[in-house]
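Listing of query09.cif; format and content: mmCIF, C-alpha atoms.
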```cif
data_upload
loop_
_atom_site.label_atom_id
_atom_site.label_comp_id
_atom_site.auth_asym_id
_atom_site.auth_seq_id
_atom_site.Cartn_x
_atom_site.Cartn_y
_atom_site.Cartn_z
CA MET A 1 93.91 83.95 184.39
CA ARG A 2 97.19 82.48 183.22
CA SER A 3 95.35 79.73 181.35
CA LEU A 4 93.70 82.50 179.37
CA LEU A 5 97.04 84.16 178.70
CA ARG A 6 98.97 81.13 177.61
CA GLY A 7 97.75 81.19 174.02
CA ARG A 8 99.57 84.35 173.05
CA ARG A 9 102.89 82.75 173.94
CA LEU A 10 102.37 79.20 172.75
CA CYS A 11 105.03 77.93 170.39
CA ALA A 12 103.88 75.44 167.77
CA ALA A 13 106.85 74.28 165.74
CA ALA A 14 104.57 72.79 163.12
CA CYS A 15 103.54 76.33 162.18
CA THR A 16 107.11 77.49 161.59
CA ALA A 17 107.08 76.80 157.87
CA LEU A 18 103.82 78.67 157.41
CA LEU A 19 105.05 81.67 159.39
CA GLY A 20 108.27 81.67 157.40
CA ALA A 21 106.43 81.64 154.11
CA THR A 22 104.19 84.47 155.26
CA ALA A 23 107.10 86.56 156.47
CA LEU A 24 108.80 86.14 153.12
CA GLY A 25 105.71 87.29 151.28
CA LEU A 26 104.98 83.89 149.77
CA THR A 27 101.38 83.60 150.91
CA ALA A 28 100.12 86.54 148.87
CA SER A 29 98.47 86.27 145.49
CA PRO A 30 100.61 85.13 142.54
CA ALA A 31 101.19 88.78 141.70
CA SER A 32 103.22 89.09 144.92
CA ALA A 33 106.20 87.52 143.16
CA ALA A 34 106.48 90.58 140.95
CA THR A 35 108.74 93.32 142.26
CA GLY A 36 108.90 95.57 139.23
CA PRO A 37 107.86 99.21 138.98
CA GLY A 38 104.42 99.92 140.34
CA THR A 39 104.34 97.05 142.83
CA ARG A 40 102.29 97.83 145.93
CA TYR A 41 103.61 96.43 149.18
CA TYR A 42 101.89 95.51 152.44
CA LEU A 43 104.01 94.92 155.55
CA ALA A 44 102.32 93.55 158.70
CA LEU A 45 104.14 94.06 162.00
CA GLY A 46 103.42 93.10 165.58
CA ASP A 47 102.63 90.16 167.80
CA SER A 48 100.43 87.07 167.51
CA LEU A 49 97.47 89.04 166.17
CA ALA A 50 99.60 90.33 163.30
CA ALA A 51 100.87 86.79 162.75
CA GLY A 52 97.30 85.50 162.54
CA TYR A 53 97.58 83.09 165.46
CA GLN A 54 94.59 80.91 166.33
CA SER A 55 94.13 77.83 168.45
CA LEU A 56 92.29 74.99 166.72
CA PRO A 57 89.11 73.36 168.07
CA GLY A 58 90.69 69.91 168.11
CA GLY A 59 93.94 71.10 169.70
CA GLY A 60 97.08 72.69 168.36
CA SER A 61 97.32 76.06 166.65
CA GLU A 62 98.05 77.80 163.40
CA VAL A 63 99.43 81.11 162.19
CA GLY A 64 98.85 82.96 158.95
CA HIS A 65 95.07 83.12 159.38
CA GLY A 66 94.25 86.57 160.78
CA TYR A 67 93.57 90.20 160.10
CA ALA A 68 96.75 90.77 158.09
CA GLN A 69 95.69 88.09 155.62
CA ASP A 70 92.24 89.69 155.38
CA ILE A 71 93.79 93.11 154.71
CA ALA A 72 96.20 91.62 152.18
CA ALA A 73 93.30 90.09 150.28
CA THR A 74 91.56 93.46 150.06
CA LEU A 75 94.69 95.40 149.14
CA GLY A 76 95.61 92.73 146.59
CA ARG A 77 92.23 93.09 144.91
CA ARG A 78 92.58 96.85 144.85
CA ALA A 79 96.05 96.59 143.34
CA ALA A 80 94.86 94.16 140.67
CA ARG A 81 91.92 96.43 139.86
CA ASP A 82 94.35 99.31 139.34
CA GLY A 83 96.79 97.21 137.30
CA HIS A 84 99.53 96.94 139.93
CA PRO A 85 101.42 93.87 141.17
CA PHE A 86 101.08 93.25 144.89
CA SER A 87 103.43 91.87 147.55
CA PHE A 88 102.55 90.91 151.15
CA THR A 89 105.09 90.37 153.94
CA ASP A 90 104.09 89.42 157.50
CA LEU A 91 106.74 89.76 160.22
CA GLY A 92 104.36 89.32 163.17
CA CYS A 93 105.74 87.07 165.92
CA PRO A 94 103.48 85.43 168.54
CA GLY A 95 104.61 86.43 172.01
CA GLU A 96 106.33 89.62 170.84
CA THR A 97 106.44 92.38 173.45
CA SER A 98 107.23 95.98 172.62
CA GLY A 99 110.70 95.41 174.07
CA SER A 100 111.43 92.22 172.15
CA MET A 101 110.27 93.89 168.94
CA ILE A 102 113.05 96.42 169.45
CA ASN A 103 115.75 94.22 170.96
CA GLY A 104 114.91 90.72 169.78
CA GLY A 105 114.00 87.68 171.82
CA CYS A 106 110.62 86.62 170.46
CA ASP A 107 110.65 82.91 171.20
CA TYR A 108 108.19 81.80 168.53
CA PRO A 109 109.99 80.30 165.50
CA HIS A 110 110.42 82.98 162.83
CA PRO A 111 112.57 83.15 159.70
CA TYR A 112 114.45 86.40 160.37
CA THR A 113 117.45 86.66 162.68
CA ASP A 114 117.48 90.36 163.54
CA PRO A 115 114.85 91.90 165.83
CA GLN A 116 111.53 92.48 164.11
CA LEU A 117 112.01 96.27 164.15
CA ALA A 118 115.42 96.04 162.47
CA THR A 119 114.00 93.67 159.85
CA ALA A 120 111.09 96.05 159.25
CA THR A 121 113.26 99.14 158.91
CA ALA A 122 115.52 97.30 156.45
CA PHE A 123 112.43 96.41 154.41
CA LEU A 124 111.22 100.02 154.43
CA ALA A 125 114.65 101.34 153.47
CA GLU A 126 114.78 98.90 150.56
CA HIS A 127 111.35 100.06 149.39
CA ARG A 128 111.75 103.71 150.26
CA HIS A 129 110.48 104.86 146.86
CA ASP A 130 107.64 102.35 146.62
CA ASP A 131 103.99 102.39 147.63
CA VAL A 132 103.98 100.64 151.04
CA THR A 133 101.22 100.08 153.59
CA VAL A 134 102.32 99.12 157.12
CA THR A 135 100.06 97.87 159.91
CA LEU A 136 101.27 97.55 163.48
CA ASP A 137 99.85 96.02 166.64
CA ILE A 138 102.02 95.80 169.74
CA GLY A 139 101.66 96.26 173.49
CA ALA A 140 99.20 93.55 174.53
CA ASN A 141 101.94 91.25 175.79
CA ASP A 142 103.29 94.04 178.00
CA VAL A 143 100.20 93.79 180.22
CA ASP A 144 98.78 90.29 179.61
CA GLY A 145 100.78 88.75 182.44
CA CYS A 146 99.26 91.12 185.00
CA ALA A 147 96.02 89.17 185.48
CA THR A 148 95.18 85.89 187.13
CA ALA A 149 91.86 84.11 187.45
CA GLU A 150 91.32 85.86 190.81
CA SER A 151 92.88 89.30 190.54
CA LEU A 152 94.43 92.05 188.48
CA ASP A 153 97.84 93.40 189.53
CA ALA A 154 97.35 97.15 189.09
CA ALA A 155 101.02 98.03 189.60
CA CYS A 156 102.09 95.46 187.01
CA ALA A 157 99.50 96.77 184.56
CA ALA A 158 100.53 100.38 185.12
CA GLN A 159 104.16 99.52 184.44
CA GLY A 160 103.16 97.58 181.34
CA VAL A 161 101.26 100.57 179.98
CA VAL A 162 104.26 102.84 180.56
CA THR A 163 106.58 100.36 178.88
CA ALA A 164 104.31 99.89 175.89
CA GLY A 165 103.98 103.64 175.38
CA ARG A 166 107.70 104.28 175.65
CA ASP A 167 108.65 101.45 173.33
CA LEU A 168 105.94 102.26 170.80
CA GLY A 169 107.45 105.73 170.53
CA THR A 170 110.83 104.18 169.73
CA ILE A 171 109.29 101.79 167.21
CA LEU A 172 107.38 104.49 165.35
CA THR A 173 110.34 106.87 165.35
CA ARG A 174 112.52 104.24 163.66
CA LEU A 175 109.81 103.17 161.22
CA ARG A 176 109.17 106.79 160.26
CA ALA A 177 112.88 107.41 159.72
CA ALA A 178 113.16 104.40 157.38
CA ALA A 179 109.90 104.99 155.51
CA GLY A 180 109.67 106.79 152.20
CA PRO A 181 107.17 109.42 151.08
CA HIS A 182 104.70 106.82 149.80
CA THR A 183 104.60 104.71 152.99
CA ARG A 184 101.46 104.70 155.14
CA ILE A 185 101.72 103.40 158.72
CA ILE A 186 98.57 102.53 160.67
CA GLY A 187 98.61 101.56 164.34
CA MET A 188 96.02 99.66 166.34
CA ASN A 189 94.52 99.68 169.81
CA LEU A 190 93.28 96.52 171.48
CA TYR A 191 90.22 94.59 172.59
CA ASP A 192 89.94 93.34 176.18
CA PRO A 193 89.90 89.52 176.41
CA PHE A 194 89.59 89.61 180.22
CA LEU A 195 85.94 90.61 179.82
CA ALA A 196 85.31 86.88 179.44
CA ALA A 197 85.77 86.56 183.21
CA TRP A 198 82.26 88.05 183.53
CA LEU A 199 80.83 84.60 182.86
CA THR A 200 82.67 82.92 185.73
CA GLY A 201 80.64 84.36 188.61
CA THR A 202 80.55 87.32 190.96
CA GLN A 203 84.30 87.64 191.36
CA GLY A 204 84.69 87.28 187.62
CA LYS A 205 82.32 90.19 187.07
CA VAL A 206 84.51 92.31 189.34
CA LEU A 207 87.65 91.30 187.44
CA ALA A 208 86.01 91.99 184.08
CA SER A 209 84.90 95.41 185.29
CA LEU A 210 88.39 96.23 186.58
CA SER A 211 90.00 95.12 183.34
CA VAL A 212 88.29 97.81 181.27
CA PRO A 213 90.05 100.81 182.89
CA VAL A 214 93.35 99.01 182.31
CA ALA A 215 92.41 98.47 178.66
CA ASP A 216 91.39 102.12 178.43
CA ALA A 217 94.73 103.24 179.88
CA LEU A 218 96.69 101.08 177.46
CA ASN A 219 94.59 102.08 174.47
CA GLY A 220 94.73 105.76 175.40
CA THR A 221 98.51 105.50 175.54
CA LEU A 222 98.74 103.72 172.19
CA ASP A 223 96.37 106.25 170.59
CA LEU A 224 98.37 109.19 171.96
CA VAL A 225 101.77 107.85 170.89
CA ASP A 226 100.39 107.08 167.42
CA ALA A 227 99.02 110.61 167.14
CA LEU A 228 102.30 112.17 168.25
CA HIS A 229 103.99 110.36 165.37
CA GLY A 230 101.33 111.24 162.81
CA VAL A 231 100.03 107.66 162.67
CA PRO A 232 96.28 106.95 162.52
CA THR A 233 94.97 104.27 164.88
CA ALA A 234 92.60 101.48 163.94
CA ASP A 235 90.01 101.68 166.73
CA VAL A 236 89.62 97.99 167.50
CA ALA A 237 88.53 98.75 171.07
CA LYS A 238 85.54 100.68 169.77
CA ALA A 239 84.70 98.02 167.18
CA PHE A 240 84.63 95.41 169.97
CA GLY A 241 82.54 97.70 172.20
CA THR A 242 85.09 97.43 175.01
CA ASN A 243 83.32 100.00 177.21
CA SER A 244 79.79 98.83 176.38
CA PHE A 245 78.47 97.15 179.53
CA LEU A 246 75.07 98.18 178.15
CA PRO A 247 72.93 97.13 176.43
CA LEU A 248 72.48 93.61 177.69
CA VAL A 249 72.22 91.07 174.89
CA PRO A 250 71.43 87.32 174.81
CA LEU A 251 74.29 84.83 175.03
CA ASP A 252 73.76 81.11 175.64
CA GLY A 253 70.43 81.63 177.32
CA GLN A 254 71.40 84.54 179.55
CA GLN A 255 71.64 88.33 179.26
CA VAL A 256 75.19 89.69 179.28
CA PRO A 257 76.79 93.04 178.50
CA LEU A 258 77.46 93.75 174.83
CA ASN A 259 81.22 93.88 175.37
CA VAL A 260 81.19 90.42 176.97
CA ALA A 261 79.09 88.97 174.16
CA ARG A 262 81.45 90.35 171.53
CA ILE A 263 84.52 88.99 173.27
CA MET A 264 82.92 85.56 173.45
CA GLY A 265 81.68 85.74 169.86
CA TRP A 266 84.73 87.31 168.22
CA THR A 267 87.58 85.58 170.06
CA ASN A 268 88.40 82.02 171.11
CA MET A 269 87.97 82.75 174.82
CA ALA A 270 85.42 79.93 175.03
CA ARG A 271 88.45 77.62 174.88
CA GLU A 272 90.65 79.97 176.93
CA ASP A 273 92.47 81.44 173.92
CA ILE A 274 92.65 85.23 173.92
CA HIS A 275 93.14 85.44 170.17
CA ALA A 276 90.48 86.56 167.73
CA ASN A 277 88.58 84.01 165.67
CA ASP A 278 87.79 84.45 161.98
CA THR A 279 85.00 86.92 162.72
CA GLY A 280 87.11 88.92 165.15
CA TYR A 281 90.02 89.13 162.74
CA GLN A 282 87.65 90.38 160.06
CA VAL A 283 86.45 93.08 162.46
CA ILE A 284 90.06 94.08 163.15
CA ALA A 285 90.80 94.18 159.42
CA GLY A 286 87.78 96.39 158.91
CA ALA A 287 89.01 98.82 161.57
CA PHE A 288 92.34 99.09 159.74
CA LEU A 289 90.77 99.45 156.31
CA THR A 290 88.62 102.37 157.43
CA ARG A 291 91.87 104.21 158.23
CA LEU A 292 93.45 103.57 154.83
#
```

Let me see whether you can do it: turn the structure in this file into structure tokens.
Amino acid sequence: MRSLLRGRRLCAAACTALLGATALGLTASPASAATGPGTRYYLALGDSLAAGYQSLPGGGSEVGHGYAQDIAATLGRRAARDGHPFSFTDLGCPGETSGSMINGGCDYPHPYTDPQLATATAFLAEHRHDDVTVTLDIGANDVDGCATAESLDAACAAQGVVTAGRDLGTILTRLRAAAGPHTRIIGMNLYDPFLAAWLTGTQGKVLASLSVPVADALNGTLDLVDALHGVPTADVAKAFGTNSFLPLVPLDGQQVPLNVARIMGWTNMAREDIHANDTGYQVIAGAFLTRL
């Protein structure tokens, strides 16, 4: 299923300027320019989902159009209601693995030179006494390469889950150490894009069925590591109904499991892009906001 996996690692240079502006907090409301007392900050961390990556129907791709932007809009409205300036910074990098977040090496153009984790901890240290909300999604790219159109490499997936759990522990430890008393960190588990294989025939149904235990193992690991660090987890897997092979619901003239229908309706898998679409990103944002 490499054609399905390619989207998370695509590099569109035309999006560099947009990603740079987002990472510098320039895409927030006008109030984001204010940094005086009482400013509320939102820092988005992670991979392509955090960056708001989407492929476009006519070809190409964009960033800066995802769940972090949806959350920023809500938090910005709340801040304005309460009379506070608001600042939004998005450091998400498409293609980021848990290891590259720690050590650097994300190959998508981004405006910071240090690894994402070092950049994030510097931000938190600078705003140690401020009101800061942090969202984090990471780990999907540690297992995405373990599937093809015909099979799922269980050993590869198992190693990816172990790696994601280990590295997430390192990431949260460092974020916690840099964060101040008014910083809230919220993690995220993941939906399962490989459920889309259900629509490709009998072998695809087998692959889709096998992908769910892998998703459960990864999500269970992310949930556990979050909990060990006192971090609540946005339950995106539940919102997407990842384990819901029943009930059957209509999709394009046929009856399919609910989880398959949601993947097809809430992501761009119809054009072999594993990323969420506008609706899916709104669902992810909602899962985060319920934890705030």

Pick out the closest residue to Thr97 of chain A from this set: A:Pro85, A:Pro181, A:Gly46, A:Gly265. Count only C-alpha atoms.
->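 Distance minimum relative to Thr97 of chain A lands on A:Gly46.
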
Students should find that atom CA of Ala155 of chain A and atom CA of Pro193 of chain A are spaced 19.2 Å

Starting from the displayed file, determine the output of the PyMOL selection byres ((chain A and resi 135) around 6) and express the residue list as a ChimeraX atom specification.
-> /A:44-45,134,136,185-187

Given the PyMOL selection byres ((chain A and resi 112-116) around 8), the residues it picks as a list of chain:residue names = A:Leu45, A:Leu91, A:Gly92, A:Ser100, A:Met101, A:Ile102, A:Asn103, A:Gly104, A:Gly105, A:His110, A:Pro111, A:Leu117, A:Ala118, A:Thr119, A:Ala120

Prev. selection, C-alpha atoms, output as a CSV table (one decimal), in the frame of the given file:
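Generated output (again_28.csv):
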```
chain,number,residue,atom,x,y,z
A,45,LEU,CA,104.1,94.1,162.0
A,91,LEU,CA,106.7,89.8,160.2
A,92,GLY,CA,104.4,89.3,163.2
A,100,SER,CA,111.4,92.2,172.2
A,101,MET,CA,110.3,93.9,168.9
A,102,ILE,CA,113.0,96.4,169.4
A,103,ASN,CA,115.8,94.2,171.0
A,104,GLY,CA,114.9,90.7,169.8
A,105,GLY,CA,114.0,87.7,171.8
A,110,HIS,CA,110.4,83.0,162.8
A,111,PRO,CA,112.6,83.2,159.7
A,117,LEU,CA,112.0,96.3,164.2
A,118,ALA,CA,115.4,96.0,162.5
A,119,THR,CA,114.0,93.7,159.8
A,120,ALA,CA,111.1,96.0,159.2
```

Which residues, written as a ChimeraX atom specification, have at least one atom at most 12 Å from segment 245-258 of chain A, with only C-alpha atoms counted and residues fewer than 2 positions away on the same chain left out?
-> /A:195-200,205,208-209,212,238-243,260-266,270

Return as a tab-separated table the residues of segment 178-264 of chain A lying at most 8 Å from segment 121-131 of chain A, together with the closest atom-to-atom pair for each and the distance in Å to one decimal, counting only C-alpha atoms, with rows in chain order and ascending residue number.
```
residue	atom	partner	partner_atom	distance
A:Ala178	CA	A:Ala125	CA	5.2
A:Ala179	CA	A:Leu124	CA	5.3
A:Gly180	CA	A:Arg128	CA	4.2
A:Pro181	CA	A:His129	CA	7.0
A:His182	CA	A:Asp131	CA	5.0
A:Thr183	CA	A:Asp131	CA	5.9
```

Pull C-alpha atoms from the residues just selected and write them as a JSON list (two decimals), keeping the file's coordinate frame.
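Final output, again_36.json:
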```json
[["chain", "number", "residue", "atom", "x", "y", "z"],
["A", 178, "ALA", "CA", 113.16, 104.40, 157.38],
["A", 179, "ALA", "CA", 109.90, 104.99, 155.51],
["A", 180, "GLY", "CA", 109.67, 106.79, 152.20],
["A", 181, "PRO", "CA", 107.17, 109.42, 151.08],
["A", 182, "HIS", "CA", 104.70, 106.82, 149.80],
["A", 183, "THR", "CA", 104.60, 104.71, 152.99]]
```

By how many Å are atom CA of Ala80 of chain A and atom CA of Ala68 of chain A apart?
->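 Atom-to-atom, atom CA of Ala80 of chain A and atom CA of Ala68 of chain A are spaced 17.8 Å apart.
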
Please expand the PyMOL selection byres ((chain A and resi 282-290) around 10) into the concrete residues it hits in this file, giving the result as an mmCIF file with C-alpha atoms, keeping the file's coordinate frame.
```cif
data_model
loop_
_atom_site.group_PDB
_atom_site.id
_atom_site.type_symbol
_atom_site.label_atom_id
_atom_site.label_comp_id
_atom_site.auth_asym_id
_atom_site.auth_seq_id
_atom_site.Cartn_x
_atom_site.Cartn_y
_atom_site.Cartn_z
ATOM 1 C CA LEU A 49 97.470 89.040 166.170
ATOM 2 C CA GLY A 66 94.250 86.570 160.780
ATOM 3 C CA TYR A 67 93.570 90.200 160.100
ATOM 4 C CA ALA A 68 96.750 90.770 158.090
ATOM 5 C CA GLN A 69 95.690 88.090 155.620
ATOM 6 C CA ASP A 70 92.240 89.690 155.380
ATOM 7 C CA ILE A 71 93.790 93.110 154.710
ATOM 8 C CA ALA A 72 96.200 91.620 152.180
ATOM 9 C CA THR A 74 91.560 93.460 150.060
ATOM 10 C CA LEU A 75 94.690 95.400 149.140
ATOM 11 C CA THR A 135 100.060 97.870 159.910
ATOM 12 C CA LEU A 136 101.270 97.550 163.480
ATOM 13 C CA ILE A 186 98.570 102.530 160.670
ATOM 14 C CA GLY A 187 98.610 101.560 164.340
ATOM 15 C CA MET A 188 96.020 99.660 166.340
ATOM 16 C CA ASN A 189 94.520 99.680 169.810
ATOM 17 C CA LEU A 190 93.280 96.520 171.480
ATOM 18 C CA TYR A 191 90.220 94.590 172.590
ATOM 19 C CA PRO A 232 96.280 106.950 162.520
ATOM 20 C CA THR A 233 94.970 104.270 164.880
ATOM 21 C CA ALA A 234 92.600 101.480 163.940
ATOM 22 C CA ASP A 235 90.010 101.680 166.730
ATOM 23 C CA VAL A 236 89.620 97.990 167.500
ATOM 24 C CA ALA A 237 88.530 98.750 171.070
ATOM 25 C CA LYS A 238 85.540 100.680 169.770
ATOM 26 C CA ALA A 239 84.700 98.020 167.180
ATOM 27 C CA PHE A 240 84.630 95.410 169.970
ATOM 28 C CA TRP A 266 84.730 87.310 168.220
ATOM 29 C CA ALA A 276 90.480 86.560 167.730
ATOM 30 C CA ASN A 277 88.580 84.010 165.670
ATOM 31 C CA ASP A 278 87.790 84.450 161.980
ATOM 32 C CA THR A 279 85.000 86.920 162.720
ATOM 33 C CA GLY A 280 87.110 88.920 165.150
ATOM 34 C CA TYR A 281 90.020 89.130 162.740
ATOM 35 C CA ARG A 291 91.870 104.210 158.230
ATOM 36 C CA LEU A 292 93.450 103.570 154.830
#
```

Tell me which of A:Gln159, A:Ile171, A:Leu152, A:Ala140 sits closest to Asn219 of chain A, counting all atoms listed in the file.
->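 Closest to Asn219 of chain A of all the choices is A:Ala140.
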
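Between atom CA of Arg166 of chain A and atom CA of Tyr42 of chain A the interatomic distance comes to 25.5 Å.
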
Mind listing whatever residues come within 8 Å of the point (104.7, 99.1, 169.6)? Use all atoms listed in the file, file coordinates, and give them as a PDB file with C-alpha atoms, in the coordinates of the input.
```pdb
ATOM      1  CA  GLY A  46     103.420  93.100 165.580  1.00  0.00           C
ATOM      2  CA  THR A  97     106.440  92.380 173.450  1.00  0.00           C
ATOM      3  CA  SER A  98     107.230  95.980 172.620  1.00  0.00           C
ATOM      4  CA  MET A 101     110.270  93.890 168.940  1.00  0.00           C
ATOM      5  CA  LEU A 136     101.270  97.550 163.480  1.00  0.00           C
ATOM      6  CA  ASP A 137      99.850  96.020 166.640  1.00  0.00           C
ATOM      7  CA  ILE A 138     102.020  95.800 169.740  1.00  0.00           C
ATOM      8  CA  GLY A 139     101.660  96.260 173.490  1.00  0.00           C
ATOM      9  CA  ALA A 164     104.310  99.890 175.890  1.00  0.00           C
ATOM     10  CA  GLY A 165     103.980 103.640 175.380  1.00  0.00           C
ATOM     11  CA  ASP A 167     108.650 101.450 173.330  1.00  0.00           C
ATOM     12  CA  LEU A 168     105.940 102.260 170.800  1.00  0.00           C
ATOM     13  CA  GLY A 169     107.450 105.730 170.530  1.00  0.00           C
ATOM     14  CA  THR A 170     110.830 104.180 169.730  1.00  0.00           C
ATOM     15  CA  ILE A 171     109.290 101.790 167.210  1.00  0.00           C
ATOM     16  CA  LEU A 172     107.380 104.490 165.350  1.00  0.00           C
ATOM     17  CA  LEU A 222      98.740 103.720 172.190  1.00  0.00           C
TER      18      LEU A 222
END
```
